[in-house]
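Okay, work_5.cif now, which holds mmCIF, C-alpha atoms (C1' of nucleotides):
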```cif
data_entry
#
loop_
_atom_site.group_PDB
_atom_site.id
_atom_site.type_symbol
_atom_site.label_atom_id
_atom_site.label_comp_id
_atom_site.auth_asym_id
_atom_site.auth_seq_id
_atom_site.Cartn_x
_atom_site.Cartn_y
_atom_site.Cartn_z
ATOM 1 C CA MET A 28 124.533 98.973 109.405
ATOM 2 C CA PRO A 29 127.120 99.742 112.009
ATOM 3 C CA GLU A 30 125.784 98.114 115.130
ATOM 4 C CA LEU A 31 127.493 97.479 118.436
ATOM 5 C CA PRO A 32 130.208 95.132 117.074
ATOM 6 C CA GLU A 33 131.077 97.461 114.207
ATOM 7 C CA VAL A 34 131.170 100.530 116.447
ATOM 8 C CA GLU A 35 133.287 98.709 119.015
ATOM 9 C CA THR A 36 135.718 97.722 116.263
ATOM 10 C CA VAL A 37 135.952 101.337 115.116
ATOM 11 C CA VAL A 38 136.639 102.545 118.656
ATOM 12 C CA ARG A 39 139.373 99.954 119.152
ATOM 13 C CA GLY A 40 140.970 100.916 115.865
ATOM 14 C CA LEU A 41 140.938 104.634 116.613
ATOM 15 C CA ARG A 42 142.531 104.517 120.064
ATOM 16 C CA GLU A 43 146.095 104.134 118.917
ATOM 17 C CA PRO A 44 146.113 106.925 116.306
ATOM 18 C CA LEU A 45 143.884 109.316 118.259
ATOM 19 C CA VAL A 46 144.755 109.290 121.956
ATOM 20 C CA GLY A 47 147.145 112.135 122.763
ATOM 21 C CA ARG A 48 146.391 114.107 119.591
ATOM 22 C CA ARG A 49 145.337 117.740 119.904
ATOM 23 C CA ILE A 50 142.481 119.024 117.756
ATOM 24 C CA THR A 51 143.456 122.302 116.132
ATOM 25 C CA ALA A 52 140.531 123.072 113.837
ATOM 26 C CA MET A 53 137.255 121.786 112.471
ATOM 27 C CA TRP A 54 135.710 121.933 109.001
ATOM 28 C CA HIS A 55 132.308 120.843 107.715
ATOM 29 C CA ASP A 56 130.228 121.124 104.559
ATOM 30 C CA TRP A 57 126.850 119.729 105.608
ATOM 31 C CA ARG A 58 124.983 121.594 108.315
ATOM 32 C CA ARG A 59 122.773 118.744 109.507
ATOM 33 C CA THR A 60 125.710 116.498 110.270
ATOM 34 C CA ILE A 61 126.611 118.876 113.115
ATOM 35 C CA HIS A 62 123.930 118.088 115.646
ATOM 36 C CA SER A 63 124.964 120.351 118.502
ATOM 37 C CA PRO A 64 126.155 122.847 119.442
ATOM 38 C CA ALA A 65 125.894 125.107 116.387
ATOM 39 C CA PRO A 66 128.904 124.817 114.053
ATOM 40 C CA ASP A 67 130.551 128.088 115.115
ATOM 41 C CA GLU A 68 130.473 127.225 118.787
ATOM 42 C CA PHE A 69 131.389 123.613 118.040
ATOM 43 C CA ALA A 70 134.514 124.632 116.159
ATOM 44 C CA ALA A 71 135.565 127.226 118.711
ATOM 45 C CA ARG A 72 135.111 124.874 121.638
ATOM 46 C CA VAL A 73 136.731 121.784 120.167
ATOM 47 C CA ALA A 74 139.869 123.560 118.993
ATOM 48 C CA GLY A 75 142.758 123.117 121.389
ATOM 49 C CA GLN A 76 141.398 120.097 123.206
ATOM 50 C CA VAL A 77 143.427 116.901 123.507
ATOM 51 C CA VAL A 78 142.011 113.395 123.057
ATOM 52 C CA LYS A 79 142.199 111.611 126.397
ATOM 53 C CA SER A 80 140.420 108.324 125.710
ATOM 54 C CA LEU A 81 137.830 106.571 123.578
ATOM 55 C CA ALA A 82 134.776 104.599 124.573
ATOM 56 C CA ARG A 83 131.531 103.262 123.170
ATOM 57 C CA ARG A 84 127.967 103.533 124.438
ATOM 58 C CA GLY A 85 125.447 101.571 122.415
ATOM 59 C CA LYS A 86 126.137 102.580 118.839
ATOM 60 C CA TYR A 87 127.703 105.900 119.829
ATOM 61 C CA ILE A 88 131.424 106.607 119.663
ATOM 62 C CA LEU A 89 132.706 108.671 122.587
ATOM 63 C CA ILE A 90 135.926 110.608 122.144
ATOM 64 C CA HIS A 91 136.769 112.085 125.521
ATOM 65 C CA LEU A 92 138.636 115.390 125.351
ATOM 66 C CA ASP A 93 140.023 117.703 128.032
ATOM 67 C CA HIS A 94 136.744 119.455 128.742
ATOM 68 C CA ASP A 95 134.167 117.893 126.431
ATOM 69 C CA THR A 96 133.256 114.650 124.736
ATOM 70 C CA LEU A 97 133.100 114.424 120.976
ATOM 71 C CA VAL A 98 130.245 112.045 120.223
ATOM 72 C CA VAL A 99 129.720 110.412 116.831
ATOM 73 C CA HIS A 100 126.901 108.239 115.530
ATOM 74 C CA LEU A 101 127.706 106.514 112.236
ATOM 75 C CA LYS A 102 124.082 105.689 111.426
ATOM 76 C CA MET A 103 123.925 103.889 108.084
ATOM 77 C CA SER A 104 126.981 104.853 106.101
ATOM 78 C CA GLY A 105 129.286 106.749 108.453
ATOM 79 C CA ARG A 106 132.994 106.023 108.494
ATOM 80 C CA LEU A 107 135.500 107.531 110.882
ATOM 81 C CA TYR A 108 139.216 107.340 110.307
ATOM 82 C CA VAL A 109 142.519 109.088 110.899
ATOM 83 C CA ALA A 110 144.720 109.994 107.950
ATOM 84 C CA ALA A 111 147.784 112.072 107.281
ATOM 85 C CA ALA A 112 146.731 115.544 106.129
ATOM 86 C CA ASP A 113 148.108 114.974 102.649
ATOM 87 C CA ALA A 114 146.934 111.363 102.331
ATOM 88 C CA ARG A 115 143.961 110.295 100.258
ATOM 89 C CA HIS A 116 141.418 107.756 101.368
ATOM 90 C CA GLU A 117 138.841 105.848 99.377
ATOM 91 C CA ALA A 118 135.996 107.312 101.433
ATOM 92 C CA ASP A 119 137.127 110.931 101.141
ATOM 93 C CA ARG A 120 134.503 111.843 98.542
ATOM 94 C CA TRP A 121 131.844 111.634 101.249
ATOM 95 C CA VAL A 122 133.700 113.465 104.034
ATOM 96 C CA HIS A 123 131.405 116.069 105.609
ATOM 97 C CA VAL A 124 133.273 116.821 108.826
ATOM 98 C CA ARG A 125 136.997 116.961 109.368
ATOM 99 C CA PHE A 126 139.103 117.686 112.425
ATOM 100 C CA ASP A 127 142.643 118.868 111.942
ATOM 101 C CA LEU A 128 145.006 117.329 114.471
ATOM 102 C CA ASP A 129 148.538 118.130 115.513
ATOM 103 C CA GLN A 130 151.461 116.451 113.746
ATOM 104 C CA GLN A 131 149.662 116.878 110.411
ATOM 105 C CA TRP A 132 146.992 114.267 111.070
ATOM 106 C CA GLN A 133 143.263 114.528 110.407
ATOM 107 C CA LEU A 134 140.186 112.815 111.803
ATOM 108 C CA ARG A 135 137.688 112.463 108.960
ATOM 109 C CA PHE A 136 133.987 111.671 109.116
ATOM 110 C CA SER A 137 132.762 110.278 105.819
ATOM 111 C CA ASP A 138 129.055 109.684 105.395
ATOM 112 C CA ALA A 139 127.566 109.046 101.962
ATOM 113 C CA ARG A 140 123.966 109.100 103.102
ATOM 114 C CA LYS A 141 124.332 111.986 105.541
ATOM 115 C CA PHE A 142 122.381 110.303 108.320
ATOM 116 C CA GLY A 143 125.321 110.385 110.733
ATOM 117 C CA ARG A 144 125.662 113.013 113.444
ATOM 118 C CA VAL A 145 128.424 114.538 115.565
ATOM 119 C CA TYR A 146 127.911 116.162 118.950
ATOM 120 C CA LEU A 147 130.108 118.027 121.393
ATOM 121 C CA THR A 148 128.976 117.911 124.986
ATOM 122 C CA ASP A 149 130.210 118.194 128.552
ATOM 123 C CA ASP A 150 127.234 116.154 129.724
ATOM 124 C CA VAL A 151 127.203 112.751 128.075
ATOM 125 C CA GLU A 152 124.558 111.528 130.476
ATOM 126 C CA ALA A 153 122.121 114.195 129.304
ATOM 127 C CA LEU A 154 122.760 113.193 125.713
ATOM 128 C CA LEU A 155 122.769 109.409 126.082
ATOM 129 C CA GLY A 156 121.024 108.800 129.379
ATOM 130 C CA HIS A 157 117.971 107.449 127.595
ATOM 131 C CA LEU A 158 119.886 104.404 126.383
ATOM 132 C CA GLY A 159 119.225 101.028 127.911
ATOM 133 C CA PRO A 160 121.933 98.834 129.434
ATOM 134 C CA GLU A 161 125.024 97.721 127.584
ATOM 135 C CA PRO A 162 124.222 94.148 126.545
ATOM 136 C CA LEU A 163 127.750 92.983 127.305
ATOM 137 C CA GLY A 164 127.843 94.740 130.665
ATOM 138 C CA ASP A 165 126.720 93.916 134.192
ATOM 139 C CA GLN A 166 123.587 96.065 134.005
ATOM 140 C CA PHE A 167 122.028 93.797 131.392
ATOM 141 C CA THR A 168 120.365 91.468 133.850
ATOM 142 C CA ALA A 169 118.055 88.538 133.185
ATOM 143 C CA ALA A 170 115.442 90.027 135.492
ATOM 144 C CA GLY A 171 115.543 93.396 133.776
ATOM 145 C CA PHE A 172 115.352 91.805 130.362
ATOM 146 C CA ARG A 173 112.351 89.707 131.324
ATOM 147 C CA ALA A 174 110.584 92.674 132.884
ATOM 148 C CA GLY A 175 111.130 94.701 129.732
ATOM 149 C CA LEU A 176 109.115 92.209 127.715
ATOM 150 C CA GLN A 177 106.067 92.133 129.952
ATOM 151 C CA GLY A 178 102.997 93.908 128.677
ATOM 152 C CA ARG A 179 104.610 94.573 125.311
ATOM 153 C CA ARG A 180 102.595 93.355 122.400
ATOM 154 C CA LEU A 181 104.964 94.539 119.724
ATOM 155 C CA ALA A 182 107.129 92.006 117.919
ATOM 156 C CA ILE A 183 110.087 90.751 119.936
ATOM 157 C CA LYS A 184 112.410 91.863 117.172
ATOM 158 C CA ALA A 185 111.021 95.407 117.302
ATOM 159 C CA ARG A 186 111.605 95.402 121.044
ATOM 160 C CA LEU A 187 115.240 94.354 120.588
ATOM 161 C CA LEU A 188 115.734 97.301 118.253
ATOM 162 C CA GLN A 189 114.555 99.852 120.841
ATOM 163 C CA GLN A 190 117.744 101.413 122.153
ATOM 164 C CA GLU A 191 116.182 102.396 125.472
ATOM 165 C CA PHE A 192 115.587 98.693 126.113
ATOM 166 C CA VAL A 193 119.017 97.393 125.084
ATOM 167 C CA ALA A 194 121.713 99.641 123.631
ATOM 168 C CA GLY A 195 123.501 98.610 120.468
ATOM 169 C CA VAL A 196 121.377 95.916 118.836
ATOM 170 C CA GLY A 197 120.461 96.639 115.211
ATOM 171 C CA ASN A 198 118.736 94.808 112.419
ATOM 172 C CA ILE A 199 121.454 92.298 111.710
ATOM 173 C CA TYR A 200 122.280 91.106 115.202
ATOM 174 C CA ALA A 201 118.613 91.100 116.207
ATOM 175 C CA ASP A 202 117.952 88.537 113.475
ATOM 176 C CA GLU A 203 121.033 86.550 114.461
ATOM 177 C CA ALA A 204 120.178 86.533 118.161
ATOM 178 C CA LEU A 205 116.594 85.432 117.502
ATOM 179 C CA PHE A 206 117.800 82.591 115.307
ATOM 180 C CA ARG A 207 120.257 81.421 117.950
ATOM 181 C CA ALA A 208 117.445 81.447 120.487
ATOM 182 C CA GLY A 209 115.010 79.652 118.191
ATOM 183 C CA ILE A 210 112.419 82.418 118.508
ATOM 184 C CA HIS A 211 110.270 83.716 115.656
ATOM 185 C CA PRO A 212 110.954 87.459 115.186
ATOM 186 C CA ALA A 213 107.275 88.433 114.859
ATOM 187 C CA ARG A 214 106.158 86.906 118.140
ATOM 188 C CA PRO A 215 104.781 89.437 120.613
ATOM 189 C CA ALA A 216 107.430 90.323 123.165
ATOM 190 C CA GLU A 217 105.087 89.475 126.027
ATOM 191 C CA SER A 218 104.523 85.957 124.668
ATOM 192 C CA LEU A 219 108.035 84.778 125.484
ATOM 193 C CA THR A 220 108.291 82.366 128.372
ATOM 194 C CA ASP A 221 110.835 83.012 131.102
ATOM 195 C CA VAL A 222 113.003 80.266 129.639
ATOM 196 C CA GLU A 223 112.856 81.826 126.181
ATOM 197 C CA ALA A 224 113.616 85.278 127.560
ATOM 198 C CA GLY A 225 116.607 83.914 129.414
ATOM 199 C CA ARG A 226 117.851 82.177 126.314
ATOM 200 C CA LEU A 227 117.368 85.264 124.157
ATOM 201 C CA ARG A 228 119.309 87.443 126.563
ATOM 202 C CA GLU A 229 122.190 85.000 126.288
ATOM 203 C CA THR A 230 122.064 84.813 122.499
ATOM 204 C CA VAL A 231 121.956 88.601 122.165
ATOM 205 C CA ARG A 232 125.230 88.674 124.060
ATOM 206 C CA LYS A 233 126.647 85.753 122.114
ATOM 207 C CA ALA A 234 125.735 87.218 118.713
ATOM 208 C CA LEU A 235 127.255 90.587 119.581
ATOM 209 C CA GLN A 236 130.431 89.162 121.123
ATOM 210 C CA THR A 237 130.908 86.913 118.094
ATOM 211 C CA GLY A 238 130.512 89.961 115.894
ATOM 212 C CA ILE A 239 133.200 91.825 117.838
ATOM 213 C CA ASP A 240 135.525 88.841 117.647
ATOM 214 C CA ARG A 241 135.157 88.934 113.865
ATOM 215 C CA GLU A 242 135.704 92.695 113.773
ATOM 216 C CA GLY A 243 132.219 93.501 112.567
ATOM 217 C CA ALA A 244 130.274 92.879 109.392
ATOM 218 C CA SER A 245 131.356 94.665 106.223
ATOM 219 C CA ILE A 246 128.103 94.952 104.314
ATOM 220 C CA ASN A 247 127.873 97.858 101.894
ATOM 221 C CA TRP A 248 129.479 100.717 103.792
ATOM 222 C CA TYR A 249 131.118 99.507 106.928
ATOM 223 C CA ARG A 250 134.896 99.318 107.089
ATOM 224 C CA LYS A 251 137.346 99.189 109.930
ATOM 225 C CA PRO A 252 139.258 102.443 110.551
ATOM 226 C CA ASP A 253 142.250 100.927 108.756
ATOM 227 C CA GLY A 254 140.064 100.366 105.700
ATOM 228 C CA GLY A 255 139.950 96.601 106.104
ATOM 229 C CA LYS A 256 136.754 94.560 106.135
ATOM 230 C CA GLY A 257 135.323 92.719 109.090
ATOM 231 C CA GLN A 258 134.496 89.046 108.720
ATOM 232 C CA SER A 259 131.219 88.778 110.591
ATOM 233 C CA GLN A 260 129.130 88.818 107.409
ATOM 234 C CA ASN A 261 130.674 85.522 106.313
ATOM 235 C CA HIS A 262 129.274 83.695 109.316
ATOM 236 C CA PHE A 263 125.674 84.877 109.642
ATOM 237 C CA PHE A 264 123.074 82.215 110.277
ATOM 238 C CA VAL A 265 120.187 84.111 108.699
ATOM 239 C CA TYR A 266 120.914 87.751 107.854
ATOM 240 C CA GLY A 267 121.150 88.252 104.102
ATOM 241 C CA ARG A 268 120.597 84.535 103.492
ATOM 242 C CA ALA A 269 117.035 84.500 102.137
ATOM 243 C CA GLU A 270 116.321 81.324 100.136
ATOM 244 C CA GLN A 271 119.605 79.788 101.240
ATOM 245 C CA PRO A 272 119.607 76.623 103.372
ATOM 246 C CA CYS A 273 119.583 77.007 107.130
ATOM 247 C CA ARG A 274 122.982 76.110 108.538
ATOM 248 C CA ARG A 275 121.297 73.976 111.199
ATOM 249 C CA CYS A 276 118.425 72.185 109.435
ATOM 250 C CA GLY A 277 118.711 72.958 105.737
ATOM 251 C CA SER A 278 115.314 74.604 105.398
ATOM 252 C CA PRO A 279 115.268 77.693 103.152
ATOM 253 C CA ILE A 280 115.687 80.919 105.137
ATOM 254 C CA ASN A 281 112.613 83.155 104.931
ATOM 255 C CA LYS A 282 112.594 86.925 104.550
ATOM 256 C CA ILE A 283 109.661 88.976 105.820
ATOM 257 C CA ARG A 284 109.101 92.495 107.149
ATOM 258 C CA VAL A 285 108.890 93.123 110.859
ATOM 259 C CA ALA A 286 108.848 96.650 112.250
ATOM 260 C CA GLN A 287 109.461 97.984 108.731
ATOM 261 C CA ARG A 288 112.749 96.101 108.573
ATOM 262 C CA GLY A 289 113.896 93.250 106.404
ATOM 263 C CA THR A 290 113.802 90.234 108.703
ATOM 264 C CA HIS A 291 115.406 86.847 108.165
ATOM 265 C CA PHE A 292 114.594 83.639 109.986
ATOM 266 C CA CYS A 293 114.401 79.882 109.643
ATOM 267 C CA PRO A 294 110.753 78.752 109.627
ATOM 268 C CA ASN A 295 111.760 75.377 111.025
ATOM 269 C CA CYS A 296 114.186 76.429 113.767
ATOM 270 C CA GLN A 297 112.096 79.476 114.720
ATOM 271 C CA PRO A 298 108.478 78.286 114.652
ATOM 272 C CA SER A 299 105.751 80.889 114.736
ATOM 273 C CA SER A 300 103.470 80.956 117.745
ATOM 274 C CA LEU A 301 100.570 81.357 115.350
ATOM 275 C CA LYS A 302 100.639 77.679 114.477
ATOM 276 C "C1'" DC B 19 102.100 105.949 127.106
ATOM 277 C "C1'" DC B 20 101.950 102.943 123.084
ATOM 278 C "C1'" DA B 21 102.567 101.248 118.466
ATOM 279 C "C1'" DG B 22 102.639 102.111 113.679
ATOM 280 C "C1'" DC B 23 104.361 104.817 110.045
ATOM 281 C "C1'" DC B 24 106.988 108.467 107.564
ATOM 282 C "C1'" DC B 25 111.137 110.687 106.651
ATOM 283 C "C1'" DC B 26 115.898 111.883 106.259
ATOM 284 C "C1'" DC B 27 119.739 110.592 102.307
ATOM 285 C "C1'" DT B 28 122.192 108.382 98.346
ATOM 286 C "C1'" DG B 29 124.409 104.289 96.250
ATOM 287 C "C1'" DT B 30 123.166 99.975 94.263
ATOM 288 C "C1'" DC B 31 120.533 96.756 91.887
ATOM 289 C "C1'" DG B 32 116.771 94.517 89.301
ATOM 290 C "C1'" DG B 33 113.401 95.066 85.756
ATOM 291 C "C1'" DC B 34 111.974 96.744 81.418
ATOM 292 C "C1'" DT C 21 122.269 100.711 77.180
ATOM 293 C "C1'" DG C 22 119.724 103.748 79.966
ATOM 294 C "C1'" DC C 23 116.155 104.991 82.974
ATOM 295 C "C1'" DC C 24 113.417 104.377 87.106
ATOM 296 C "C1'" DG C 25 111.581 102.575 91.155
ATOM 297 C "C1'" DA C 26 112.585 99.682 95.072
ATOM 298 C "C1'" DC C 27 115.498 98.838 98.680
ATOM 299 C "C1'" DA C 28 118.970 99.246 102.384
ATOM 300 C "C1'" DG C 29 118.020 100.723 107.843
ATOM 301 C "C1'" DG C 30 119.134 103.944 112.670
ATOM 302 C "C1'" DG C 31 116.441 106.714 114.920
ATOM 303 C "C1'" DG C 32 113.720 111.199 115.500
ATOM 304 C "C1'" DG C 33 109.202 112.777 115.082
ATOM 305 C "C1'" DC C 34 104.382 112.612 114.240
ATOM 306 C "C1'" DT C 35 99.788 110.472 114.460
ATOM 307 C "C1'" DG C 36 95.749 108.007 116.050
#
```
Could you write out this structure as structure tokens?
Amino acid sequence: MPELPEVETVVRGLREPLVGRRITAMWHDWRRTIHSPAPDEFAARVAGQVVKSLARRGKYILIHLDHDTLVVHLKMSGRLYVAAADARHEADRWVHVRFDLDQQWQLRFSDARKFGRVYLTDDVEALLGHLGPEPLGDQFTAAGFRAGLQGRRLAIKARLLQQEFVAGVGNIYADEALFRAGIHPARPAESLTDVEAGRLRETVRKALQTGIDREGASINWYRKPDGGKGQSQNHFFVYGRAEQPCRRCGSPINKIRVAQRGTHFCPNCQPSSLK
DNA sequence: CCAGCCCCCTGTCGGC
DNA sequence: TGCCGACAGGGGGCTG
């Protein structure tokens, strides 16, 4: 659920409480959550390092330390927040990794479904170099986007979800971007005209930026680091609105499966190429 | 290389 | 009321 807008909101919310804090110790209770290095080395290496800055790459959270970068992927149900050591938090029952900080603070990683992962690396490029361009950055060019659709027969929505093509788009914002562009999600990627590709690139950016402006979508698990909910979910055109009237034309929103994902679209505003 | 599919996990919800 | 299967989906890995 956390996609680029949600992850960006988390990063923004963590900067103030985290930058300048020193990590003193690490605890975990679920082996698979610690991706690499192995827990013993992870704990030994991370202890003593100070948080210098925070950034985001695709859906990954980057916490830059003195000598390493602490990388976190929230996957489906991950939540990352700072709390006083003696303070309780509603998500504490699912905490599987915890970092003790100086001044009696803690960085907690809560993850009910245990899909999330944490990494410690001194080579972020080796870890995340496979990711495609940041959709809100300069590298996300119209020419590159168009080229990435050529010769691809898979559904355009499936292509948008491939992180090596564009970093940060997930199920929700893929549906929203395709609606805004008036493109049926099941159309083969290679079938888009240059005009459609150009429009879709713009609506991907627009959907994501709108999501950031609304501080993400709080569906099921996602919360801001301060525990508050984002507002993006209240403004979706199609996601989660099956059977409800299209905000543009009033037709009932359809729900189908594309690339094994629940997919929402307006059959009138996003005509299929099959007809 | 490509595209389809399974799996990891657990909370929630609808149906009976 | 309680049980059970379906569903949610990011992304790694396997298969044909």
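Between CA of Tyr266 in chain A and CA of His211 in chain A there is a distance of 13.8 Å.
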Checklist entry - Which polymer residues, protein or nucleic acid, are no farther than 10 Å from (120.2, 98.6, 105.0), counting only C-alpha atoms (C1' of nucleotides), as number ranges by chain? => result A: 28-29, 103-104, 198-199, 246-248, 288-289; C: 27-30
Next on the checklist: Using all atoms listed in the file, I'd like every residue of chain B that has an atom within 9 Å of chain A; please write them out as a ChimeraX atom specification.
Outcome noted: /B:21-23,26-29
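The interatomic distance for the pair CA of Ala244 in chain A and CA of Leu107 in chain A works out to 15.6 Å.
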Item to check | the PyMOL selection byres ((chain B and resi 32) around 9) applied to the shown file, residues as a VMD selection string | outcome: (chain B and resid 31 33) or (chain C and resid 26)
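Atom pair CA of Gln189 in chain A / CA of Leu158 in chain A has a distance of 8.9 Å (rounded to one decimal).
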